[in-house]
2 protein chains.
Amino acid sequence: MAMLSVAPAGYVVSRHALASANKCHSGAFRPTAGAARILHLRLDSVTAKPSEPATTEAVDDYLKAILELSGPEENRVTSNALAGHLGIRPASVTGMLQKLAGQRPSFIRYKKHHGVFLTDTGKHRAMEVIRHHRLLERFLHDVLDFSWDEVHDEAERLEHYISEHLEDRIAAKLGDPDVDPHGHIIPEKNGAAAVRAETVLAKWPCGVPAVISSVSDKDPAALREMKRRGLLPGASLIVEPGTRSASLAVRISGNPPARLSQELASRILVVHR
Amino acid sequence: MAMLSVAPAGYVVSRHALASANKCHSGAFRPTAGAARILHLRLDSVTAKPSEPATTEAVDDYLKAILELSGPEENRVTSNALAGHLGIRPASVTGMLQKLAGQRPSFIRYKKHHGVFLTDTGKHRAMEVIRHHRLLERFLHDVLDFSWDEVHDEAERLEHYISEHLEDRIAAKLGDPDVDPHGHIIPEKNGAAAVRAETVLAKWPCGVPAVISSVSDKDPAALREMKRRGLLPGASLIVEPGTRSASLAVRISGNPPARLSQELASRILVVHR
DNA sequence: TTGTAAATTTAGGTATGGCTAAATATTTAT
DNA sequence: ATAAATATTTAGCCATACCTAAATTTACAA
């Protein structure tokens, strides 16, 4: 159970650009106008504490990507890995990392040629966006009847744009759920999230009883197939000692024995029963 | 009852940038990357009809502003008026209008020094965004317990980012409502919207029975005051022949006689009872 | 240890969308 | 009709964020 140590101290809500943040200055300095919508910023009451920098959609995506790629060991993440994950060029990543690293305070710590990792501030923002995403998935699924293969794309877009207030209302409406429709743990509002010792089904030992803890939400077709075959979070199963090359012999509780492709098995995470 | 004549023909949904729209070309031409999120675009089946240009948040805001400022008579709108309405400099408006007018097909028709007006395509997109806004307000209010002074800001942001699918689910969940919490008519999915002959309460003749049809949703404080005083859409009232200078003597059905500031009365629209 | 392949960064560009200051049109008043 | 006032546009910039091509490191192998 690893908690994220985020300083909940000066965090006072208020996300999204204040209308006045972009007003006209008549003097010599330019008001810093731009195309990207500023997504959140902080008000540290009156005391001029160094507030968390505002983010944009792009910044949020970088922070999430770094968090995901650095794994539980919190390794440094390379520019190339980020570029691959984000679907952009490594050169673009370098530019963004340099800009982010130059901010004070900064979301990231970056050393040329040696990768990047998140500061506590960065981790906090990343967890916040992930909380938005998973709450939205749960909400779209439970309240608005989206199927579990439809929720990801919609949530991926909206996660950047919902206010603190809407986040709270959604959580309340759902009764503060623990997991999203794919079994992923929803971080708490302070950024804390339990970590489960999950294993990819493709690597789970034969004969050992397992329960599906979560599945990847990225591929709608795979999700539809999983649903069809009873491969839902919470389902019990045992991998039989069948061929391990291209497919896996699996006995899913309540279903007839089946064979799963490695492809599908690599999208399913399990824990001990 | 003025209908917006929009060709529902080749409109096939699919808003929001396709993931592949921004992929790498290896050749000489650049893939046109940018900071602003592309909000929608159309697939005209296989037939290569000229599809509606994709919009961004900024473009949506311009289209809405032009629609609102041109009024029911569909007058041309000046750059200055747009600048004032959008809170930006006139020079910035000129730049955007030139860019939009240069698109094929275009959302607007623009003549230097002589203002701008919407094409049918532009009207359609503007109505679509307004539909999003009002559906969202209704949804936030009815389903997520937002108060009627809180819904505007949230809807103003989200209106640009909800998919066609989410729009449909929200409408279904609400039972295809006709009006938002402030009494504004929600356009239909094809862009059509009824037009009511509303009059500002401040200009309503004394002694003539009236019903509140809608109120401005822009000022939360004013909305709270209205609610406190029973000034809700549907409420009946009569303006008494009291002083018309700074305040209005009004008898609101079910409430004791009251005096409204011109300020407040200018935010309330009424129709004949 | 030195070379080379792979990873990463620099340099220079594009597009969006906003700003200022300085022109230029248009409108209004005389 | 014309000058002054007002409105609008042009020209030149800034910031975000992405791209390609050409350096430059770094890391690994001989």
# chains A, B, ... in the order shown; residues from 1 in each chain; ligands from 1
>>> residues_around(residues="segment 165-181 of chain A", least_positions_apart="5", cutoff="10 Å", atoms="only C-alpha atoms (C1' of nucleotides)", output="PyMOL selection string")
(chain A and resi 13-15+128+131-143+147-149+151-152+159+186-189+193-194+213-215+217+232-233) or (chain B and resi 140+143-146+150-151+154)
>>> write_last_selection(atoms="C-alpha atoms", output="JSON list (two decimals), in the first residue's frame")
[["chain", "number", "residue", "atom", "x", "y", "z"],
["A", 13, "VAL", "CA", -8.72, 24.45, -5.52],
["A", 14, "SER", "CA", -9.70, 26.83, -8.28],
["A", 15, "ARG", "CA", -8.74, 25.19, -11.48],
["A", 128, "GLU", "CA", -5.47, 14.37, -10.09],
["A", 131, "ARG", "CA", -8.70, 10.59, -10.78],
["A", 132, "HIS", "CA", -10.69, 12.70, -13.21],
["A", 133, "HIS", "CA", -10.32, 10.09, -15.90],
["A", 134, "ARG", "CA", -11.43, 7.18, -13.81],
["A", 135, "LEU", "CA", -14.29, 8.99, -12.13],
["A", 136, "LEU", "CA", -15.49, 10.06, -15.55],
["A", 137, "GLU", "CA", -15.32, 6.50, -16.86],
["A", 138, "ARG", "CA", -17.34, 5.25, -13.91],
["A", 139, "PHE", "CA", -19.82, 8.09, -14.36],
["A", 140, "LEU", "CA", -20.26, 7.69, -18.10],
["A", 141, "HIS", "CA", -20.73, 3.98, -17.61],
["A", 142, "ASP", "CA", -23.03, 3.96, -14.60],
["A", 143, "VAL", "CA", -25.06, 7.12, -15.09],
["A", 147, "SER", "CA", -20.59, 0.67, -22.60],
["A", 148, "TRP", "CA", -17.22, -0.12, -21.09],
["A", 149, "ASP", "CA", -15.47, 0.08, -24.44],
["A", 151, "VAL", "CA", -15.82, 5.35, -21.90],
["A", 152, "HIS", "CA", -12.08, 5.70, -22.40],
["A", 159, "GLU", "CA", -10.41, 14.70, -17.82],
["A", 186, "ILE", "CA", -9.46, 5.69, -8.49],
["A", 187, "PRO", "CA", -6.97, 7.87, -6.58],
["A", 188, "GLU", "CA", -8.33, 9.76, -3.63],
["A", 189, "LYS", "CA", -8.76, 13.50, -3.79],
["A", 193, "ALA", "CA", -3.83, 5.58, -4.28],
["A", 194, "ALA", "CA", -3.34, 2.02, -3.16],
["A", 213, "SER", "CA", -8.08, -7.17, -11.04],
["A", 214, "SER", "CA", -8.11, -4.90, -14.05],
["A", 215, "VAL", "CA", -7.95, -4.78, -17.82],
["A", 217, "ASP", "CA", -9.06, 0.27, -21.35],
["A", 232, "LEU", "CA", -14.46, -8.99, -16.28],
["A", 233, "PRO", "CA", -12.72, -7.57, -13.21],
["B", 140, "LEU", "CA", -25.49, 19.76, -14.24],
["B", 143, "VAL", "CA", -28.55, 15.36, -12.33],
["B", 144, "LEU", "CA", -25.52, 16.69, -10.52],
["B", 145, "ASP", "CA", -27.25, 19.16, -8.21],
["B", 146, "PHE", "CA", -25.45, 22.27, -9.36],
["B", 150, "GLU", "CA", -23.09, 27.56, -10.92],
["B", 151, "VAL", "CA", -23.98, 25.87, -14.18],
["B", 154, "GLU", "CA", -18.90, 24.81, -16.17]]
>>> select_by_dssp(residues="segment 81-175 of chain B", states="strand (DSSP E or B)", output="PyMOL selection string")
chain B and resi 108-110+116-118
>>> write_last_selection(atoms="N, CA and C atoms", output="compact mmCIF listing (two decimals), in the first residue's frame")
# COMPACT_ATOMS: atom_id res chain seq x y z
N ILE B 108 -18.09 31.74 -42.18
CA ILE B 108 -18.49 33.14 -42.19
C ILE B 108 -18.32 33.78 -43.57
N ARG B 109 -18.96 34.93 -43.73
CA ARG B 109 -18.78 35.77 -44.90
C ARG B 109 -18.29 37.10 -44.34
N TYR B 110 -17.17 37.55 -44.85
CA TYR B 110 -16.53 38.72 -44.23
C TYR B 110 -16.08 39.70 -45.30
N VAL B 116 -19.18 41.08 -40.49
CA VAL B 116 -19.19 39.66 -40.81
C VAL B 116 -20.57 39.08 -40.52
N PHE B 117 -20.93 38.01 -41.22
CA PHE B 117 -22.13 37.27 -40.84
C PHE B 117 -21.90 35.79 -41.07
N LEU B 118 -22.73 34.95 -40.47
CA LEU B 118 -22.54 33.51 -40.55
C LEU B 118 -23.14 32.92 -41.82
>>> interface_residues(of="chain D", to="chain A", cutoff="7 Å", atoms="only C-alpha atoms (C1' of nucleotides)", output="list in words")
DC14, DA15, DT16 and DC18 of chain D
>>> closest_residue(among="C:DT2, C:DT14, C:DT26, C:DT20", to="DA17 of chain D", atoms="only C-alpha atoms (C1' of nucleotides)")
C:DT14
>>> atom_distance(atom1="atom CA of Thr121 of chain A", atom2="atom CA of Ser163 of chain A")
18.6 Å
>>> select_by_dssp(residues="segment 57-264 of chain B", states="alpha helix (DSSP H)", output="PyMOL selection string")
chain B and resi 57-70+79-86+90-102+120-142+151-158+164-174+220-228+262-264
>>> atom_distance(atom1="atom CA of Leu63 of chain B", atom2="atom CA of Met127 of chain B")
9.1 Å
>>> interface_residues(of="chain C", to="chain B", cutoff="10 Å", atoms="only C-alpha atoms (C1' of nucleotides)", output="list in words")
DG13, DT14, DA15, DT16, DG17, DG18, DC19, DT20, DA25 and DT26 of chain C
>>> closest_residue(among="C:DA21, C:DA11, C:DA6, C:DA29", to="DT25 of chain D", atoms="only C-alpha atoms (C1' of nucleotides)")
C:DA6
>>> residues_around(residues="Ser79 of chain B", least_positions_apart="2", cutoff="7 Å", atoms="only C-alpha atoms (C1' of nucleotides)", output="count of residues only")
8
>>> closest_residue(among="A:Ala155, A:Leu69, A:Leu100, A:Ala192", to="chain B", atoms="only C-alpha atoms")
A:Ala155
